[in-house]
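Pasting query_37.cif here (mmCIF, C-alpha atoms and all ligand atoms):
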```cif
data_work
loop_
_atom_site.label_atom_id
_atom_site.label_comp_id
_atom_site.auth_asym_id
_atom_site.auth_seq_id
_atom_site.Cartn_x
_atom_site.Cartn_y
_atom_site.Cartn_z
CA MET A 27 -102.77 -62.30 14.61
CA ASP A 28 -104.25 -65.37 12.96
CA GLU A 29 -103.00 -68.90 13.71
CA MET A 30 -103.24 -69.87 17.40
CA LEU A 31 -101.69 -73.19 18.45
CA ILE A 32 -102.52 -75.13 21.60
CA ALA A 33 -99.70 -77.24 23.02
CA PRO A 34 -100.55 -79.54 25.96
CA SER A 35 -97.50 -80.12 28.15
CA LEU A 36 -97.01 -83.80 28.89
CA LEU A 37 -95.35 -82.90 32.21
CA SER A 38 -98.77 -82.89 33.87
CA ALA A 39 -99.94 -86.14 32.29
CA ASN A 40 -100.04 -89.50 34.05
CA PHE A 41 -96.62 -90.98 33.17
CA ALA A 42 -97.95 -94.49 33.77
CA CYS A 43 -100.14 -94.22 30.67
CA LEU A 44 -98.50 -91.76 28.32
CA GLN A 45 -99.84 -93.32 25.13
CA GLN A 46 -103.41 -92.99 26.35
CA GLU A 47 -102.89 -89.42 27.60
CA ILE A 48 -101.39 -88.40 24.25
CA ALA A 49 -104.25 -90.02 22.34
CA THR A 50 -106.76 -88.06 24.44
CA VAL A 51 -105.25 -84.64 23.64
CA GLU A 52 -104.71 -85.58 19.99
CA LYS A 53 -108.37 -86.59 19.63
CA ALA A 54 -109.40 -83.38 21.40
CA GLY A 55 -107.73 -81.37 18.64
CA ALA A 56 -104.54 -80.16 20.32
CA ASP A 57 -102.12 -78.80 17.72
CA ILE A 58 -98.69 -79.81 19.00
CA LEU A 59 -97.36 -81.85 21.93
CA HIS A 60 -95.03 -80.03 24.33
CA LEU A 61 -92.33 -82.21 25.88
CA ASP A 62 -90.39 -80.80 28.85
CA VAL A 63 -86.92 -82.34 29.11
CA MET A 64 -85.27 -81.52 32.46
CA ASP A 65 -81.83 -82.58 33.68
CA GLY A 66 -81.74 -81.80 37.42
CA GLN A 67 -78.95 -79.27 36.70
CA PHE A 68 -80.35 -76.40 34.68
CA VAL A 69 -83.55 -76.89 36.66
CA LYS A 70 -84.14 -78.81 39.90
CA ASN A 71 -86.50 -81.34 38.40
CA ILE A 72 -85.68 -84.43 36.27
CA THR A 73 -88.18 -85.68 33.71
CA PHE A 74 -87.32 -87.81 30.66
CA GLY A 75 -84.81 -87.92 27.82
CA PRO A 76 -84.47 -89.10 24.23
CA CYS A 77 -85.37 -92.76 25.00
CA VAL A 78 -88.85 -91.86 26.18
CA VAL A 79 -89.36 -89.29 23.43
CA LYS A 80 -88.39 -91.93 20.83
CA CYS A 81 -90.92 -94.44 22.21
CA ILE A 82 -93.81 -91.99 22.25
CA ARG A 83 -92.86 -90.66 18.78
CA GLU A 84 -94.19 -93.94 17.41
CA THR A 85 -97.59 -93.57 19.10
CA THR A 86 -98.87 -90.33 17.59
CA GLN A 87 -99.01 -88.11 14.50
CA MET A 88 -98.88 -84.89 16.55
CA PRO A 89 -95.93 -82.59 15.90
CA PHE A 90 -93.43 -82.73 18.79
CA ASP A 91 -92.38 -79.49 20.48
CA VAL A 92 -89.38 -80.36 22.67
CA HIS A 93 -88.48 -77.82 25.38
CA LEU A 94 -84.95 -78.56 26.56
CA MET A 95 -84.29 -77.38 30.11
CA ILE A 96 -80.79 -78.84 30.25
CA ASP A 97 -77.28 -77.43 30.69
CA ARG A 98 -75.20 -77.27 27.50
CA PRO A 99 -78.00 -78.49 25.22
CA GLU A 100 -75.48 -78.72 22.35
CA ARG A 101 -74.50 -82.13 23.81
CA TYR A 102 -77.93 -83.68 23.14
CA ILE A 103 -79.53 -81.64 20.39
CA GLU A 104 -78.85 -84.17 17.64
CA ASP A 105 -80.30 -87.07 19.68
CA PHE A 106 -83.66 -85.29 19.71
CA LEU A 107 -83.44 -84.19 16.09
CA ARG A 108 -82.81 -87.74 14.90
CA ILE A 109 -86.01 -88.90 16.60
CA GLY A 110 -88.08 -86.50 14.52
CA CYS A 111 -89.06 -83.40 16.47
CA GLN A 112 -90.84 -80.60 14.61
CA TRP A 113 -90.03 -77.82 17.10
CA LEU A 114 -86.96 -77.65 19.35
CA SER A 115 -86.34 -75.04 22.06
CA PHE A 116 -83.22 -74.56 24.16
CA HIS A 117 -82.51 -71.99 26.87
CA ILE A 118 -80.25 -69.05 26.15
CA GLU A 119 -79.14 -69.16 29.81
CA ALA A 120 -77.81 -72.72 29.34
CA THR A 121 -75.36 -72.35 26.46
CA ASP A 122 -72.67 -70.29 24.72
CA CYS A 123 -73.32 -72.03 21.39
CA ALA A 124 -76.72 -70.64 20.37
CA ALA A 125 -75.76 -69.93 16.73
CA ASP A 126 -74.37 -73.45 16.20
CA ILE A 127 -77.42 -75.07 17.80
CA ILE A 128 -79.82 -73.10 15.59
CA LYS A 129 -77.83 -74.13 12.52
CA LYS A 130 -77.98 -77.79 13.52
CA ILE A 131 -81.73 -77.65 14.17
CA LYS A 132 -82.29 -76.16 10.72
CA GLU A 133 -80.24 -78.90 9.05
CA TYR A 134 -82.98 -81.28 10.20
CA ASN A 135 -85.79 -79.05 8.87
CA CYS A 136 -86.99 -78.59 12.42
CA LYS A 137 -88.31 -75.27 13.74
CA ALA A 138 -85.72 -73.56 15.95
CA ALA A 139 -86.57 -71.71 19.13
CA ILE A 140 -84.80 -70.03 22.02
CA ALA A 141 -86.44 -70.08 25.43
CA ILE A 142 -85.96 -67.32 28.00
CA LYS A 143 -86.63 -67.40 31.73
CA PRO A 144 -88.94 -64.76 33.26
CA ASN A 145 -86.03 -62.59 34.47
CA THR A 146 -83.89 -62.88 31.33
CA ASP A 147 -83.75 -59.77 29.18
CA ILE A 148 -84.72 -60.05 25.52
CA ASP A 149 -81.46 -58.28 24.59
CA THR A 150 -79.75 -61.65 25.19
CA ILE A 151 -81.52 -63.15 22.17
CA THR A 152 -81.74 -60.22 19.75
CA PRO A 153 -78.64 -61.34 17.78
CA TYR A 154 -80.43 -64.62 16.94
CA LEU A 155 -84.00 -63.43 16.31
CA ALA A 156 -83.74 -63.33 12.52
CA ASP A 157 -82.71 -67.01 12.43
CA LEU A 158 -85.44 -68.28 14.74
CA ASP A 159 -88.88 -69.67 14.02
CA MET A 160 -90.08 -69.08 17.57
CA VAL A 161 -89.23 -67.49 20.90
CA LEU A 162 -90.43 -69.35 23.99
CA VAL A 163 -91.23 -66.86 26.75
CA MET A 164 -91.39 -68.60 30.13
CA SER A 165 -94.22 -67.28 32.27
CA VAL A 166 -93.10 -69.28 35.35
CA GLU A 167 -89.64 -70.22 36.61
CA PRO A 168 -88.78 -73.36 34.62
CA GLY A 169 -88.77 -76.68 36.44
CA PHE A 170 -92.30 -77.49 37.53
CA GLY A 171 -95.88 -77.48 36.33
CA GLY A 172 -98.79 -75.98 38.25
CA GLN A 173 -97.21 -72.60 39.07
CA LYS A 174 -98.82 -69.18 38.90
CA PHE A 175 -98.52 -67.11 35.71
CA ILE A 176 -96.05 -64.21 36.09
CA GLU A 177 -97.86 -61.18 34.64
CA LYS A 178 -94.76 -59.06 34.09
CA ILE A 179 -93.65 -61.28 31.19
CA LEU A 180 -96.50 -59.83 29.11
CA GLU A 181 -94.41 -56.70 28.61
CA LYS A 182 -91.63 -58.87 27.17
CA ILE A 183 -94.03 -60.38 24.60
CA ILE A 184 -95.24 -56.90 23.63
CA GLN A 185 -91.65 -55.70 23.20
CA LEU A 186 -90.71 -58.77 21.16
CA ARG A 187 -93.65 -58.31 18.77
CA LYS A 188 -92.47 -54.79 18.03
CA MET A 189 -88.98 -55.91 17.04
CA PRO A 190 -88.33 -55.99 13.27
CA ASP A 191 -86.78 -59.49 13.37
CA CYS A 192 -89.39 -61.02 15.66
CA PRO A 193 -90.14 -64.56 14.43
CA LYS A 194 -93.66 -65.59 13.43
CA TYR A 195 -94.26 -67.60 16.59
CA ILE A 196 -94.09 -66.51 20.22
CA GLN A 197 -94.82 -69.32 22.63
CA VAL A 198 -95.88 -68.68 26.20
CA ASP A 199 -95.28 -71.44 28.73
CA GLY A 200 -96.35 -71.70 32.36
CA GLY A 201 -99.55 -71.00 34.31
CA ILE A 202 -101.70 -70.91 31.18
CA ASN A 203 -105.49 -71.15 31.53
CA GLY A 204 -108.37 -69.43 29.69
CA GLU A 205 -107.72 -66.11 31.39
CA THR A 206 -103.91 -65.97 31.14
CA ALA A 207 -103.95 -67.32 27.57
CA LEU A 208 -106.17 -64.40 26.58
CA LYS A 209 -103.77 -61.89 28.17
CA ALA A 210 -100.78 -63.50 26.44
CA ALA A 211 -102.62 -63.56 23.10
CA GLU A 212 -103.48 -59.88 23.43
CA ALA A 213 -99.79 -59.20 24.07
CA GLY A 214 -98.85 -61.09 20.87
CA ALA A 215 -98.28 -64.76 21.76
CA ASN A 216 -99.64 -67.37 19.35
CA ILE A 217 -98.58 -70.73 20.84
CA PHE A 218 -99.97 -71.61 24.25
CA VAL A 219 -98.45 -74.36 26.38
CA ALA A 220 -100.79 -75.67 29.06
CA GLY A 221 -99.94 -78.56 31.35
CA SER A 222 -102.02 -78.75 34.50
CA TYR A 223 -104.93 -76.75 33.03
CA ILE A 224 -105.43 -79.45 30.39
CA PHE A 225 -104.23 -82.72 31.94
CA LYS A 226 -105.69 -82.14 35.40
CA SER A 227 -109.10 -81.18 34.06
CA ASN A 228 -112.00 -83.63 34.24
CA GLN A 229 -113.04 -83.00 30.63
CA ILE A 230 -109.87 -82.63 28.59
CA SER A 231 -111.64 -82.15 25.28
CA ASN A 232 -113.94 -79.42 26.68
CA THR A 233 -110.95 -77.66 28.23
CA ILE A 234 -109.06 -77.61 24.93
CA GLN A 235 -112.19 -76.44 23.10
CA ASN A 236 -112.74 -73.65 25.65
CA LEU A 237 -109.15 -72.50 25.23
CA ARG A 238 -109.59 -72.54 21.46
CA ASP A 239 -112.85 -70.56 21.68
CA VAL A 240 -111.19 -67.94 23.87
CA LEU A 241 -108.22 -67.60 21.51
CA TYR A 242 -110.16 -67.63 18.26
CA GLY A 243 -112.53 -65.05 19.74
CA LEU A 244 -109.54 -62.72 19.30
CA SER A 245 -108.36 -64.02 15.97
CA THR A 246 -109.26 -62.99 12.45
CA LYS A 247 -108.81 -66.60 11.35
CA LYS A 248 -111.49 -69.28 11.83
CA SER A 249 -110.75 -72.10 14.26
CA PRO A 250 -109.83 -75.28 12.35
CA HIS A 251 -111.77 -77.39 14.91
O1 LIG B 1 -91.69 -75.85 30.91
C1 LIG B 1 -92.52 -75.97 31.78
C2 LIG B 1 -92.15 -75.91 33.22
O2 LIG B 1 -90.80 -75.70 33.34
C3 LIG B 1 -93.93 -76.06 31.35
O3 LIG B 1 -94.06 -76.56 30.04
C4 LIG B 1 -94.91 -76.65 32.32
O4 LIG B 1 -95.12 -77.99 32.12
C5 LIG B 1 -96.22 -75.95 32.19
O5 LIG B 1 -97.08 -76.45 33.13
P1 LIG B 1 -98.34 -75.61 33.65
O6 LIG B 1 -97.78 -74.34 34.27
O7 LIG B 1 -99.18 -75.31 32.45
O8 LIG B 1 -99.00 -76.50 34.64
CO CO B 2 -92.20 -76.24 28.82
#
```

Rendering of file as structure tokens:
Amino acid sequence: MDEMLIAPSLLSANFACLQQEIATVEKAGADILHLDVMDGQFVKNITFGPCVVKCIRETTQMPFDVHLMIDRPERYIEDFLRIGCQWLSFHIEATDCAADIIKKIKEYNCKAAIAIKPNTDIDTITPYLADLDMVLVMSVEPGFGGQKFIEKILEKIIQLRKMPDCPKYIQVDGGINGETALKAAEAGANIFVAGSYIFKSNQISNTIQNLRDVLYGLSTKKSPH
């Protein structure tokens, strides 16, 4: 495994000063910005939608990694694509139109990903693996930040990595800190979403650097920062 990407989740940032929070993680060398869109239906929580994503798009150069936790994401996919997202994930449990959504995402030269909840079997996504750039493996029940990492999902990452059509990127999302990131990296993940671990820390840049040191301790590739 070589490239390891760190993706702070804006869910744990202070929503009263998003621009400043984004600038802090960008300056600290985070690789991509993870944006959790929740609709109060697919998950209990409600966060933000395309209007907010559009406004913050203008404040940063960081690639946007939008994680849609909404029912029937096919209704909104193009709204996010038009804004200029670089990565777009939707949940397999939320739609019957996975193939069409992937096709649409690719039309915009955006990286396409399917997300799976901790109890969802990887068989549900095997028909789509060859067309994906990434699989997002949830390591908590989607909906809220600050939950405990569910260890049993590590087996799912190991299984995925062994599959012939496994995409280059496996993202792990939920309960990530230095210790759990290392376990997920050893299993085969290479994109690490961290919300509370980064945004609730007193020294955001040290926290990101520590995470990077842990991950690149494993990697054959040199850290870019
Ligand atoms: O998608 C989600 C939650 O549904 C995540 O992206 C969380 O925002 C991660 O937060 P932490 O578990 O790292 O605090
Ligand atoms: Co997320």

Spatial neighbours of A:Gln235, 10 Å, all atoms listed in the file, chain gap at least 4 places, as a PDB file with C-alpha atoms, in the frame of the given file:
```pdb
ATOM      1  CA  ILE A  32    -102.520 -75.130  21.600  1.00  0.00           C
ATOM      2  CA  ALA A  54    -109.400 -83.380  21.400  1.00  0.00           C
ATOM      3  CA  GLY A  55    -107.730 -81.370  18.640  1.00  0.00           C
ATOM      4  CA  ALA A  56    -104.540 -80.160  20.320  1.00  0.00           C
ATOM      5  CA  ILE A 230    -109.870 -82.630  28.590  1.00  0.00           C
ATOM      6  CA  SER A 231    -111.640 -82.150  25.280  1.00  0.00           C
ATOM      7  CA  ASP A 239    -112.850 -70.560  21.680  1.00  0.00           C
ATOM      8  CA  VAL A 240    -111.190 -67.940  23.870  1.00  0.00           C
ATOM      9  CA  LEU A 241    -108.220 -67.600  21.510  1.00  0.00           C
ATOM     10  CA  SER A 249    -110.750 -72.100  14.260  1.00  0.00           C
ATOM     11  CA  HIS A 251    -111.770 -77.390  14.910  1.00  0.00           C
TER      12      HIS A 251
END
```

Which residue is closest to A:Met189? Choose from A:Asp149, A:Asp28, A:Val69, A:Lys80 and count all atoms listed in the file.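 Distance minimum relative to A:Met189 lands on A:Asp149.
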
Within 12 Å of file point (-86.3, -55.5, 17.7), counting all atoms listed in the file, expressed as number ranges by chain: A: 148-156, 182-193

Around (-110.1, -87.0, 24.4) in the file's own coordinates, what residues are found within 12 Å if you use only C-alpha atoms, given back as a ChimeraX atom specification? /A:46-56,224-225,227-235

Could you check the closest approach to ligand LIG 1 (chain B) for each of A:Lys143, A:Arg83, A:Lys209, A:Arg101 and tell me which residue wins, using only C-alpha atoms and all ligand atoms?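 Ranking A:Lys143, A:Arg83, A:Lys209, A:Arg101 by distance to ligand LIG 1 (chain B), first place goes to A:Lys143.
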
Can you pull out every residue with an atom within 8 Å of ligand LIG 1 (chain B)? Use all atoms listed in the file and format it as a ChimeraX atom specification. /A:34-38,60-62,93,95,164,166-175,199-203,219-224

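Atom CA of A:Ser165 to atom CA of A:Leu59 spans 18.1 Å [interatomic distance, one decimal].
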
Using all atoms listed in the file, which of the listed residues (A:Ile127, A:Ala211, A:Ile118, A:Cys136) sits closest to A:Ile103?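 Among the listed residues, the smallest separation from A:Ile103 belongs to A:Ile127.
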
Enclosing box along x, y and z for every listed atom of stretch 54-60 of chain A, padded 3 Å each side, centre and size in Å, one decimal, as AutoDock Vina command-line options:
```
--center_x -102.2 --center_y -81.1 --center_z 21.0 --size_x 20.4 --size_y 10.6 --size_z 12.6
```

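For A:Asp105, the residues within 12 Å (counting only C-alpha atoms, excluding itself and residues fewer than 5 positions away along the chain) are A:Gly75, A:Pro76, A:Cys77, A:Val78, A:Val79, A:Lys80, A:Val92, A:Leu94, A:Pro99, A:Glu100, A:Gly110, A:Cys111, A:Leu114, A:Lys130, A:Ile131, A:Tyr134.
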
Straight-line distance linking atom CA of A:Ala124 with atom CA of A:Val161, stated in Å to one decimal: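 Going from atom CA of A:Ala124 over to atom CA of A:Val161 covers 12.9 Å.
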
My list of candidates is A:Arg238, A:Lys194, A:Lys226, A:His117. Which is closest to ligand CO 2 (chain B) when distances are computed with all atoms listed in the file?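 Of the candidates, the smallest distance to ligand CO 2 (chain B) is held by A:His117.
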
Counting all atoms listed in the file, which of A:Ile109, A:Leu158, A:Ala141, A:Ile176 gets nearest to ligand CO 2 (chain B)? A:Ala141

Proximity to ligand CO 2 (chain B) - best of A:Asp159, A:Phe106, A:Val198, A:Thr206, only C-alpha atoms and all ligand atoms: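 Closest candidate: A:Val198.
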
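Relative to atom CA of A:Glu177, atom CA of A:Thr146 is found at 14.5 Å.
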
Could you give me, as a ChimeraX atom specification, the residues within 8 Å of A:Gln197, counting only C-alpha atoms and dropping anything in the same chain fewer than 4 positions from it? /A:160-163,215-219
